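Dropping start-v1.cif in here (mmCIF, C-alpha atoms and all ligand atoms):
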```cif
data_run
#
loop_
_atom_site.label_atom_id
_atom_site.label_comp_id
_atom_site.auth_asym_id
_atom_site.auth_seq_id
_atom_site.Cartn_x
_atom_site.Cartn_y
_atom_site.Cartn_z
CA MET A 21 -23.32 2.80 12.73
CA ASN A 22 -19.97 1.22 11.99
CA LYS A 23 -17.12 1.60 14.46
CA LYS A 24 -14.34 3.72 13.02
CA ILE A 25 -10.92 2.35 13.97
CA ILE A 26 -7.25 3.33 13.63
CA ILE A 27 -4.48 0.79 14.25
CA LEU A 28 -1.05 2.28 14.90
CA GLY A 29 1.47 -0.50 14.28
CA SER A 30 -1.00 -2.71 12.40
CA THR A 31 1.70 -5.02 11.03
CA GLY A 32 2.97 -6.06 14.47
CA SER A 33 1.74 -8.77 16.82
CA ILE A 34 -0.89 -6.62 18.61
CA GLY A 35 -1.90 -4.91 15.36
CA THR A 36 -2.41 -8.27 13.67
CA SER A 37 -4.36 -9.64 16.64
CA THR A 38 -6.63 -6.60 16.46
CA LEU A 39 -7.27 -7.14 12.76
CA ASN A 40 -7.94 -10.82 13.47
CA VAL A 41 -10.63 -9.74 15.94
CA ILE A 42 -12.35 -7.40 13.51
CA LYS A 43 -12.00 -9.83 10.59
CA ASN A 44 -14.82 -11.86 12.16
CA ASP A 45 -17.12 -8.85 12.11
CA LYS A 46 -15.77 -6.85 9.18
CA LYS A 47 -19.08 -5.23 8.35
CA SER A 48 -19.20 -3.48 11.75
CA PHE A 49 -15.88 -1.67 11.37
CA ASP A 50 -14.52 1.05 9.11
CA VAL A 51 -10.76 0.85 9.08
CA ILE A 52 -9.75 4.50 8.92
CA LEU A 53 -5.96 4.17 9.20
CA LEU A 54 -3.31 1.45 9.36
CA THR A 55 0.35 2.25 10.03
CA ALA A 56 3.68 0.45 9.80
CA ASN A 57 7.36 1.28 9.87
CA ASN A 58 8.98 -0.90 7.16
CA ASN A 59 6.73 -3.86 6.49
CA TYR A 60 5.02 -2.39 3.44
CA LYS A 61 4.01 -5.79 2.02
CA LYS A 62 1.91 -6.69 5.05
CA LEU A 63 0.54 -3.15 5.27
CA VAL A 64 -0.63 -3.26 1.65
CA GLN A 65 -2.20 -6.70 2.14
CA GLN A 66 -4.07 -5.45 5.22
CA ALA A 67 -5.15 -2.26 3.44
CA LYS A 68 -6.62 -4.26 0.56
CA PHE A 69 -8.36 -6.83 2.74
CA PHE A 70 -9.89 -4.30 5.15
CA LYS A 71 -10.43 -1.57 2.52
CA ALA A 72 -8.52 0.87 4.72
CA LYS A 73 -9.29 4.52 4.04
CA ASN A 74 -5.68 5.58 4.75
CA VAL A 75 -2.29 3.97 5.31
CA LEU A 76 0.88 5.48 6.70
CA ILE A 77 4.24 3.87 5.98
CA LYS A 78 6.71 5.57 8.31
CA ASN A 79 9.81 4.81 6.27
CA LYS A 80 9.68 7.18 3.28
CA LYS A 81 11.77 4.76 1.24
CA PHE A 82 8.68 2.61 0.72
CA TYR A 83 6.20 5.39 -0.14
CA ASN A 84 6.37 4.99 -3.92
CA THR A 85 6.16 1.19 -3.71
CA VAL A 86 3.09 1.37 -1.48
CA LYS A 87 1.57 3.90 -3.88
CA LYS A 88 2.16 1.59 -6.81
CA LEU A 89 0.78 -1.45 -5.00
CA LEU A 90 -2.37 0.40 -3.95
CA LYS A 91 -2.96 2.06 -7.31
CA ASN A 92 -6.65 1.87 -8.35
CA LYS A 93 -7.66 1.50 -4.67
CA LYS A 94 -9.44 4.23 -2.75
CA THR A 95 -6.82 4.13 0.04
CA LYS A 96 -4.85 7.36 0.60
CA ILE A 97 -1.15 6.90 1.27
CA PHE A 98 1.02 8.89 3.70
CA SER A 99 4.61 8.59 4.78
CA GLY A 100 7.01 9.95 7.44
CA ASP A 101 6.03 11.79 10.62
CA VAL A 102 2.61 13.06 9.59
CA PRO A 103 0.44 14.25 12.53
CA LEU A 104 -2.73 12.17 12.61
CA ASN A 105 -5.00 15.22 12.43
CA LYS A 106 -3.55 15.96 8.99
CA ILE A 107 -4.84 12.56 7.83
CA ILE A 108 -8.08 12.24 9.77
CA LYS A 109 -10.57 15.07 9.86
CA SER A 110 -13.34 13.67 12.08
CA LYS A 111 -13.35 11.72 15.35
CA VAL A 112 -12.89 7.96 15.32
CA ASP A 113 -14.35 5.50 17.82
CA TYR A 114 -11.17 3.50 18.57
CA THR A 115 -7.44 3.79 18.18
CA ILE A 116 -5.23 0.84 19.06
CA SER A 117 -1.80 2.19 19.97
CA ALA A 118 0.50 -0.73 19.13
CA ILE A 119 3.74 0.77 17.87
CA VAL A 120 6.72 -0.63 19.76
CA GLY A 121 8.99 1.69 21.76
CA LEU A 122 9.05 5.41 22.42
CA ALA A 123 8.38 5.96 18.69
CA GLY A 124 4.73 5.46 19.68
CA LEU A 125 4.59 8.51 21.95
CA GLN A 126 3.71 11.29 19.48
CA PRO A 127 1.22 9.17 17.47
CA THR A 128 -0.49 8.17 20.73
CA ILE A 129 -0.79 11.82 21.79
CA ASP A 130 -2.23 12.61 18.35
CA ALA A 131 -4.66 9.70 18.69
CA ILE A 132 -5.92 10.91 22.07
CA LYS A 133 -7.00 14.16 20.37
CA ILE A 134 -9.08 12.48 17.66
CA SER A 135 -10.44 9.28 19.25
CA ASN A 136 -13.28 8.49 21.65
CA THR A 137 -11.30 5.52 23.04
CA VAL A 138 -7.58 4.85 22.81
CA ALA A 139 -6.54 1.31 23.71
CA ILE A 140 -2.85 1.48 24.57
CA ALA A 141 -0.62 -1.56 24.18
CA ASN A 142 2.52 0.56 23.74
CA LYS A 143 3.75 0.43 27.34
CA GLU A 144 6.93 2.43 26.61
CA THR A 145 4.74 5.43 25.86
CA ILE A 146 2.87 5.08 29.15
CA ILE A 147 5.96 4.71 31.30
CA CYS A 148 7.79 7.62 29.64
CA GLY A 149 5.00 10.01 28.73
CA TRP A 150 2.05 9.40 31.03
CA ASP A 151 1.98 12.95 32.45
CA ILE A 152 1.69 14.38 28.96
CA LEU A 153 -0.83 11.77 27.80
CA ASN A 154 -2.91 12.45 30.89
CA ARG A 155 -3.08 16.17 30.11
CA TYR A 156 -4.55 15.43 26.69
CA ILE A 157 -6.80 12.65 28.03
CA LYS A 158 -8.40 15.20 30.40
CA LYS A 159 -8.56 17.98 27.82
CA PHE A 160 -10.15 15.84 25.11
CA LYS A 161 -12.14 13.64 27.56
CA THR A 162 -10.76 10.54 25.87
CA ASN A 163 -11.41 7.10 27.27
CA VAL A 164 -8.06 5.34 27.67
CA VAL A 165 -7.88 1.59 28.22
CA PRO A 166 -4.77 -0.55 28.70
CA VAL A 167 -4.42 -3.57 26.41
CA ASP A 168 -1.58 -5.28 28.28
CA SER A 169 -3.11 -8.40 29.86
CA GLU A 170 -2.00 -7.54 33.41
CA HIS A 171 -3.32 -3.99 33.22
CA PHE A 172 -6.48 -5.00 31.43
CA SER A 173 -7.08 -7.36 34.38
CA ILE A 174 -6.23 -4.76 37.06
CA ARG A 175 -8.67 -2.38 35.39
CA GLU A 176 -11.42 -5.02 35.39
CA LEU A 177 -10.74 -5.87 39.04
CA THR A 178 -10.52 -2.35 40.43
CA LYS A 179 -13.49 -0.57 38.90
CA ASN A 180 -14.87 1.68 41.67
CA VAL A 181 -12.08 0.61 44.04
CA LYS A 182 -10.02 3.08 46.07
CA ASN A 183 -6.35 2.85 47.06
CA ASN A 184 -7.39 2.33 50.67
CA ASP A 185 -9.43 -0.77 49.77
CA ILE A 186 -6.33 -2.57 48.48
CA ASP A 187 -3.58 -4.41 50.35
CA GLU A 188 -1.61 -5.79 47.44
CA ILE A 189 -1.54 -5.77 43.65
CA ILE A 190 0.22 -8.80 42.23
CA ILE A 191 1.41 -8.82 38.64
CA THR A 192 2.20 -12.28 37.35
CA ALA A 193 5.09 -13.26 35.08
CA SER A 194 5.24 -16.50 33.12
CA GLY A 195 9.00 -16.57 33.71
CA GLY A 196 9.62 -16.64 29.97
CA PRO A 197 11.74 -19.14 28.07
CA PHE A 198 14.48 -19.27 30.73
CA LEU A 199 12.41 -19.97 33.83
CA ASN A 200 14.01 -23.38 34.21
CA THR A 201 17.39 -22.59 32.64
CA PRO A 202 20.23 -22.61 35.18
CA LEU A 203 21.79 -19.19 35.81
CA ARG A 204 25.20 -20.26 34.48
CA MET A 205 23.61 -21.11 31.10
CA LEU A 206 22.06 -17.66 30.67
CA LYS A 207 25.42 -16.15 29.77
CA ASN A 208 25.42 -17.65 26.31
CA VAL A 209 21.76 -17.76 25.30
CA LYS A 210 21.09 -16.66 21.73
CA PRO A 211 18.44 -14.22 20.46
CA LYS A 212 16.45 -17.02 18.82
CA GLU A 213 16.12 -18.77 22.21
CA ALA A 214 15.23 -15.51 24.00
CA ILE A 215 12.39 -14.68 21.61
CA LYS A 216 10.86 -18.16 21.86
CA HIS A 217 8.30 -17.35 24.53
CA PRO A 218 6.55 -20.44 25.91
CA LYS A 219 3.14 -18.81 26.29
CA TRP A 220 2.77 -15.64 24.23
CA LYS A 221 3.37 -14.89 20.55
CA MET A 222 4.77 -11.37 20.55
CA GLY A 223 7.11 -8.99 18.75
CA LYS A 224 10.87 -9.51 19.22
CA LYS A 225 11.46 -6.59 21.58
CA ILE A 226 8.81 -7.49 24.15
CA SER A 227 9.85 -11.15 23.87
CA VAL A 228 13.41 -10.28 24.94
CA ASP A 229 11.97 -8.03 27.68
CA SER A 230 9.98 -11.03 28.89
CA ALA A 231 12.99 -13.35 28.81
CA ASN A 232 14.92 -11.30 31.38
CA LEU A 233 11.74 -10.09 33.14
CA ILE A 234 12.48 -6.42 32.52
CA ASN A 235 9.02 -6.41 31.01
CA LYS A 236 7.74 -6.71 34.59
CA VAL A 237 9.67 -3.59 35.60
CA PHE A 238 7.88 -1.75 32.82
CA GLU A 239 4.55 -3.27 33.79
CA VAL A 240 4.76 -2.21 37.42
CA ILE A 241 5.61 1.35 36.36
CA GLU A 242 2.84 1.21 33.75
CA ALA A 243 0.31 0.09 36.37
CA TYR A 244 1.50 2.72 38.85
CA LYS A 245 1.04 5.47 36.24
CA LEU A 246 -2.31 4.22 34.96
CA PHE A 247 -4.07 3.46 38.22
CA ASN A 248 -2.34 5.70 40.73
CA PHE A 249 -2.46 3.14 43.55
CA ASP A 250 0.33 3.27 46.13
CA LYS A 251 3.59 2.11 44.54
CA LYS A 252 4.49 0.03 47.60
CA LYS A 253 1.51 -2.25 46.95
CA TYR A 254 2.94 -3.88 43.83
CA LYS A 255 4.53 -7.32 43.78
CA VAL A 256 5.62 -9.60 40.94
CA ILE A 257 5.28 -13.38 41.17
CA ILE A 258 5.91 -16.20 38.73
CA HIS A 259 2.91 -18.05 37.35
CA PRO A 260 4.22 -20.28 34.54
CA GLN A 261 0.81 -21.19 33.05
CA SER A 262 -0.17 -17.56 32.26
CA TYR A 263 -3.86 -18.00 33.05
CA VAL A 264 -3.90 -15.41 35.82
CA HIS A 265 -2.51 -12.03 34.82
CA SER A 266 -3.02 -9.99 37.99
CA ILE A 267 -4.30 -10.63 41.49
CA ILE A 268 -5.75 -8.02 43.84
CA ARG A 269 -5.74 -8.65 47.57
CA PHE A 270 -8.34 -6.44 49.21
CA LYS A 271 -8.41 -5.23 52.81
CA ASN A 272 -11.84 -6.84 53.29
CA GLY A 273 -10.31 -10.32 53.13
CA LEU A 274 -11.25 -10.99 49.51
CA THR A 275 -8.69 -11.76 46.85
CA LYS A 276 -9.75 -11.43 43.23
CA MET A 277 -8.29 -12.50 39.94
CA ILE A 278 -9.44 -13.01 36.38
CA LEU A 279 -8.29 -16.00 34.37
CA TYR A 280 -7.99 -16.18 30.63
CA ASN A 281 -5.78 -17.85 28.08
CA ALA A 282 -2.60 -16.18 26.86
CA ASP A 283 -4.20 -14.67 23.78
CA MET A 284 -4.22 -10.91 23.27
CA LYS A 285 -7.40 -11.23 21.19
CA ILE A 286 -9.24 -11.62 24.49
CA PRO A 287 -8.45 -8.20 26.02
CA ILE A 288 -8.61 -6.57 22.58
CA SER A 289 -12.07 -7.93 21.78
CA ASN A 290 -13.38 -7.11 25.25
CA ILE A 291 -12.25 -3.52 24.71
CA LEU A 292 -13.74 -3.26 21.22
CA TYR A 293 -17.06 -4.82 22.26
CA ASP A 294 -17.31 -3.43 25.78
CA ASN A 295 -17.15 -6.93 27.33
CA LYS A 296 -20.31 -8.23 25.67
CA ASN A 297 -21.62 -9.90 22.48
CA ILE A 298 -18.14 -10.99 21.55
CA TYR A 299 -17.42 -13.52 18.87
CA LEU A 300 -14.25 -15.06 20.26
CA ASN A 301 -12.02 -17.04 18.01
CA SER A 302 -9.91 -18.12 20.98
CA LYS A 303 -9.74 -21.08 23.37
CA SER A 304 -11.09 -20.49 26.87
CA ILE A 305 -9.72 -22.11 30.00
CA ASN A 306 -11.11 -25.53 30.91
CA SER A 307 -11.17 -27.35 34.25
CA LYS A 308 -8.17 -29.50 33.25
CA SER A 309 -5.98 -26.43 32.95
CA LEU A 310 -7.00 -25.35 36.45
CA ASN A 311 -5.41 -28.51 37.91
CA LYS A 312 -2.03 -27.27 36.80
CA ILE A 313 -2.10 -23.78 38.20
CA SER A 314 0.96 -22.72 40.27
CA PHE A 315 2.75 -19.65 41.65
CA GLN A 316 6.30 -19.08 42.89
CA ASN A 317 8.51 -16.21 43.98
CA VAL A 318 10.91 -14.61 41.50
CA ASP A 319 14.53 -15.73 41.84
CA THR A 320 16.19 -12.32 41.83
CA LYS A 321 19.67 -13.84 41.45
CA LYS A 322 18.58 -15.21 38.10
CA PHE A 323 16.33 -12.28 37.21
CA PRO A 324 18.00 -9.23 38.85
CA SER A 325 15.94 -6.93 36.62
CA ILE A 326 13.17 -7.21 39.22
CA LEU A 327 15.36 -5.21 41.63
CA LEU A 328 15.18 -2.30 39.19
CA ILE A 329 11.50 -1.77 40.01
CA GLU A 330 12.18 0.01 43.28
CA LYS A 331 14.95 2.13 41.75
CA CYS A 332 12.77 3.14 38.84
CA LEU A 333 9.89 4.15 41.05
CA ASN A 334 12.01 6.09 43.53
CA MET A 335 14.91 7.69 41.72
CA GLY A 336 13.19 10.52 39.90
CA LEU A 337 10.26 11.02 37.56
CA SER A 338 12.45 10.48 34.50
CA ALA A 339 14.17 7.29 35.67
CA PRO A 340 11.70 5.19 33.61
CA ILE A 341 12.62 7.17 30.46
CA ILE A 342 16.29 6.35 31.04
CA ILE A 343 15.77 2.65 31.65
CA ASN A 344 13.44 2.43 28.66
CA ALA A 345 15.83 4.18 26.26
CA SER A 346 18.80 2.19 27.47
CA ASN A 347 16.83 -1.05 27.19
CA GLU A 348 15.65 -0.26 23.63
CA VAL A 349 19.28 0.18 22.57
CA LEU A 350 20.47 -2.92 24.43
CA VAL A 351 17.73 -5.19 23.09
CA LYS A 352 18.59 -4.11 19.55
CA LEU A 353 22.30 -4.82 20.16
CA PHE A 354 21.44 -8.21 21.66
CA LEU A 355 19.22 -9.13 18.71
CA GLU A 356 22.11 -8.19 16.41
CA GLU A 357 24.34 -10.46 18.56
CA LYS A 358 26.63 -7.54 19.44
CA ILE A 359 26.17 -7.99 23.19
CA LYS A 360 25.28 -10.95 25.44
CA PHE A 361 21.92 -11.56 27.08
CA LEU A 362 23.10 -10.69 30.61
CA ASP A 363 24.72 -7.46 29.36
CA ILE A 364 21.23 -5.94 29.03
CA VAL A 365 20.46 -5.71 32.75
CA ASN A 366 24.13 -5.29 33.74
CA THR A 367 24.44 -2.21 31.52
CA ILE A 368 21.19 -0.72 32.81
CA ASN A 369 22.57 -1.09 36.33
CA LYS A 370 25.71 0.74 35.23
CA ILE A 371 23.56 3.58 33.87
CA PHE A 372 21.91 3.89 37.28
CA ARG A 373 25.37 4.29 38.82
CA ASP A 374 26.53 6.86 36.25
CA LYS A 375 27.43 10.23 37.76
CA GLU A 376 25.06 12.09 35.42
CA PHE A 377 22.13 9.74 36.06
CA LYS A 378 20.56 11.68 38.91
CA LYS A 379 20.62 14.95 37.01
CA TYR A 380 18.60 13.46 34.15
CA ALA A 381 16.39 11.22 36.29
CA LYS A 382 15.23 14.22 38.32
CA ARG A 383 14.10 16.24 35.31
CA LYS A 384 10.37 16.74 34.85
CA PRO A 385 9.12 14.83 31.79
CA ASN A 386 6.56 17.50 31.00
CA SER A 387 7.03 17.89 27.25
CA VAL A 388 7.83 15.58 24.37
CA LYS A 389 10.97 17.64 23.80
CA ASN A 390 12.17 17.01 27.38
CA ILE A 391 11.45 13.31 27.11
CA ILE A 392 13.36 13.07 23.83
CA SER A 393 16.36 14.89 25.29
CA ILE A 394 16.52 12.54 28.32
CA ASP A 395 15.96 9.57 26.01
CA ASN A 396 18.81 10.76 23.75
CA TRP A 397 21.20 11.10 26.69
CA ALA A 398 20.43 7.55 27.85
CA ARG A 399 20.77 6.09 24.33
CA LEU A 400 24.15 7.73 23.78
CA LYS A 401 25.41 6.75 27.23
CA THR A 402 24.34 3.14 26.63
CA ILE A 403 26.04 2.96 23.24
CA ASN A 404 29.22 4.41 24.71
CA MET A 405 29.17 1.90 27.55
CA CYS A 406 28.78 -0.98 25.12
CA THR A 407 31.52 0.08 22.77
CA LEU A 408 34.14 0.94 25.44
P1 LIG A 501 5.84 -5.75 17.05
O1 LIG A 501 7.29 -5.57 16.98
O2 LIG A 501 5.25 -7.05 16.67
O3 LIG A 501 5.10 -4.60 16.18
C1 LIG A 501 5.46 -3.27 16.28
C2 LIG A 501 4.68 -2.41 15.31
O4 LIG A 501 5.19 -1.07 15.39
C3 LIG A 501 4.84 -2.83 13.85
O5 LIG A 501 3.68 -2.49 13.14
C4 LIG A 501 6.02 -1.97 13.38
O6 LIG A 501 6.06 -1.78 11.97
C5 LIG A 501 5.71 -0.66 14.10
N1 LIG A 501 6.90 0.13 14.35
C6 LIG A 501 8.11 -0.30 14.80
N2 LIG A 501 8.96 0.73 14.92
C7 LIG A 501 8.29 1.84 14.51
C8 LIG A 501 8.63 3.20 14.39
N3 LIG A 501 9.86 3.65 14.69
N4 LIG A 501 7.69 4.07 13.96
C9 LIG A 501 6.45 3.63 13.64
N5 LIG A 501 6.07 2.35 13.73
C10 LIG A 501 6.97 1.46 14.16
O7 LIG A 501 5.43 -5.38 18.55
P2 LIG A 501 4.21 -5.95 19.42
O8 LIG A 501 2.95 -5.91 18.62
O9 LIG A 501 4.62 -7.21 20.07
O10 LIG A 501 4.14 -4.87 20.58
C11 LIG A 501 3.64 -3.55 20.35
C12 LIG A 501 3.55 -2.84 21.69
O11 LIG A 501 2.58 -3.51 22.51
C13 LIG A 501 4.87 -2.87 22.48
O12 LIG A 501 4.99 -1.67 23.18
C14 LIG A 501 4.68 -4.03 23.46
O13 LIG A 501 5.42 -3.86 24.64
C15 LIG A 501 3.18 -3.93 23.72
N6 LIG A 501 2.56 -5.19 24.11
C16 LIG A 501 2.63 -6.27 23.27
C17 LIG A 501 2.05 -7.47 23.63
C18 LIG A 501 2.06 -8.64 22.70
O14 LIG A 501 1.43 -9.66 23.02
N7 LIG A 501 2.69 -8.58 21.56
C19 LIG A 501 1.36 -7.64 24.93
C20 LIG A 501 1.30 -6.41 25.70
C21 LIG A 501 1.89 -5.25 25.31
P3 LIG A 501 6.89 -2.82 11.03
O15 LIG A 501 6.11 -4.10 11.04
O16 LIG A 501 6.90 -2.16 9.72
O17 LIG A 501 8.25 -2.96 11.67
#
```
Would you write the structure of this file as structure tokens?
Amino acid sequence: MNKKIIILGSTGSIGTSTLNVIKNDKKSFDVILLTANNNYKKLVQQAKFFKAKNVLIKNKKFYNTVKKLLKNKKTKIFSGDVPLNKIIKSKVDYTISAIVGLAGLQPTIDAIKISNTVAIANKETIICGWDILNRYIKKFKTNVVPVDSEHFSIRELTKNVKNNDIDEIIITASGGPFLNTPLRMLKNVKPKEAIKHPKWKMGKKISVDSANLINKVFEVIEAYKLFNFDKKKYKVIIHPQSYVHSIIRFKNGLTKMILYNADMKIPISNILYDNKNIYLNSKSINSKSLNKISFQNVDTKKFPSILLIEKCLNMGLSAPIIINASNEVLVKLFLEEKIKFLDIVNTINKIFRDKEFKKYAKRKPNSVKNIISIDNWARLKTINMCTL
């Protein structure tokens, strides 16, 4: 039987990598739904190539164009905020949740209700909405697997492992494009330099998050939510080659890690094929690469975002929602060249010091409505801070 698959955010970097995986084995998959926000051209191309049963273009402006371009095809076309259960009537095997930002929260909740397995790349959804996701995961008995390379590795390394077995969980960071840039030069870096990641090909938002290492703040929170190991056990270190994605130091004296090349097709295909019989169109690590492997501590003067980890984990259940919302706004402003690179983390620090911060950070993020209201407060506050 073919595997039925939905890809939320199919036109993005993770969405495209997923389609590149299934392209090699097209006959084994039925593409049930592909979604995009604005990129209707790519969505239509993908729909034609994979004979998608349904497509959803979020921006209603493009609905008629998509309809015209897919005329004579069997693909059904939807637009706007349509709940997934209005489009899909029977369970699917896999959903890849790869929308960027909090916009992915509601579609991911919907996907949990109608999928056997949901592979989540959309880390913003996990860090802001895990308690809600978890309720639905339990209710619908959905298998949820992280796609993010660090979390995919932690999951592989900690199957049947208890909190008490672990001394330390190390999440690695490549250090991004500015690892070797002097601090004084960071003031004037441009968006095109920030999104030029040396190891990974990713969407613009996560590329900026990787350039100032705030991505690691999100990843520690993401890991803490997903695996429920003690938050004090997490550490971030720099590993410029990006072969090792996480390291687990066990109490029994063993330290384990998994190595693989910086290619998201590797975790994605392992998820879709349950780690076996994979046709991998990706380079594996050879012995030459192992000669070059190195690790170093994070320079927190240069990357002060790392100091936000402790604050985020200890200043209230909704602190991650605030930092995420503020960061989404700031990254957009930086990409539009309206603020400077260092303003991103500086402004987030100001938000933490705001007199209203505690009130919002302490709220319980137990409904989508609550999350949106905290998110809205943080977005507005951030915009105000940047335009003052
Ligand atoms: P991209 O920016 O490349 O793609 C984002 C996708 O989401 C696109 O399909 C985009 O559509 C769609 N989208 C954007 N905004 C909205 C919206 N408001 N509503 C609905 N759909 C929307 O991002 P990535 O693929 O790089 O990342 C996706 C997620 O995966 C992020 O959360 C990221 O942190 C995470 N991740 C990514 C990794 C990577 O290697 N890229 C690695 C690990 C995690 P359109 O094309 O029309 O704009």
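Using only C-alpha atoms, the contacts of region 157-172 of chain A at a cut-off of 6 Å, with sequence neighbours closer than 5 positions omitted, comprise Lys133, Asn136, Thr137, Val138, Ala139, Ile140, Ala141, His265 and Ser266 of chain A.
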Can you work out the spacing between CA of Ile342 (chain A) and CA of Ala398 (chain A) in Å, to one decimal?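 CA of Ala398 (chain A) lies 5.4 Å from CA of Ile342 (chain A).
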Calculate how many Å separate CA of Thr178 (chain A) from CA of Lys253 (chain A), rounding to one decimal.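 Going from CA of Thr178 (chain A) over to CA of Lys253 (chain A), I get 13.7 Å.
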Ligand LIG 501 (chain A), all listed atoms, 3 Å padding on each side: what axis-aligned box centre and edge lengths in Å to one decimal come out, as lines of an AutoDock Vina configuration file?
```
center_x = 5.6
center_y = -2.8
center_z = 17.7
size_x = 14.6
size_y = 19.7
size_z = 22.0
```
Set the distance at 12 Å and use all atoms listed in the file: which residues neighbour region 329-331 of chain A once local chain neighbours fewer than 2 positions away are removed? I'd like the list as a PyMOL selection string. chain A and resi 233-244+251-256+320+323-327+333-340+342-343+368-369+371-373+377-378+381
What is the CA of Asn58 (chain A) to CA of Ile77 (chain A) distance in Å?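 For CA of Asn58 (chain A) relative to CA of Ile77 (chain A), the distance reads 6.8 Å.
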Which residues sit within 7 Å of ligand LIG 501 (chain A), counting only C-alpha atoms and all ligand atoms, listed as a ChimeraX atom specification? /A:28-35,55-60,78,118-121,123-124,141-144,167-169,220-226,284
Tell me, as a list in words, which residues lie within 12 Å of Thr275 (chain A), counting only C-alpha atoms; anything in the same chain fewer than 3 positions away does not count.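 Returned residues: Leu177, Thr178, Asp185, Ile186, Asp187, Glu188, Ile189, Ile190, Ser266, Ile267, Ile268, Arg269, Phe270, Lys271, Asn272 and Ile278 of chain A.
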Determine, counting all atoms listed in the file, which protein, DNA and RNA residues have an atom within 7 Å of an atom of region 193-198 of chain A; residues of the same chain fewer than 4 positions away are not included. Present the result as JSON, numbers by chain. {"A": [214, 216, 217, 218, 230, 231, 256, 257, 258, 259, 260, 261, 262]}
I'd like the neighbourhood of Thr402 (chain A) as an NGL selection string, where a residue qualifies if any of its atoms comes within 9 Å (using all atoms listed in the file), though same-chain residues fewer than 5 positions away should be ignored. :A and (345-347 or 349-350 or 367-368 or 371 or 397 or 407)
Just C-alpha atoms for this one: save the residues we selected as an mmCIF file, keeping the file's coordinate frame.
```cif
data_model
loop_
_atom_site.group_PDB
_atom_site.id
_atom_site.type_symbol
_atom_site.label_atom_id
_atom_site.label_comp_id
_atom_site.auth_asym_id
_atom_site.auth_seq_id
_atom_site.Cartn_x
_atom_site.Cartn_y
_atom_site.Cartn_z
ATOM 1 C CA ALA A 345 15.830 4.180 26.260
ATOM 2 C CA SER A 346 18.800 2.190 27.470
ATOM 3 C CA ASN A 347 16.830 -1.050 27.190
ATOM 4 C CA VAL A 349 19.280 0.180 22.570
ATOM 5 C CA LEU A 350 20.470 -2.920 24.430
ATOM 6 C CA THR A 367 24.440 -2.210 31.520
ATOM 7 C CA ILE A 368 21.190 -0.720 32.810
ATOM 8 C CA ILE A 371 23.560 3.580 33.870
ATOM 9 C CA TRP A 397 21.200 11.100 26.690
ATOM 10 C CA THR A 407 31.520 0.080 22.770
#
```
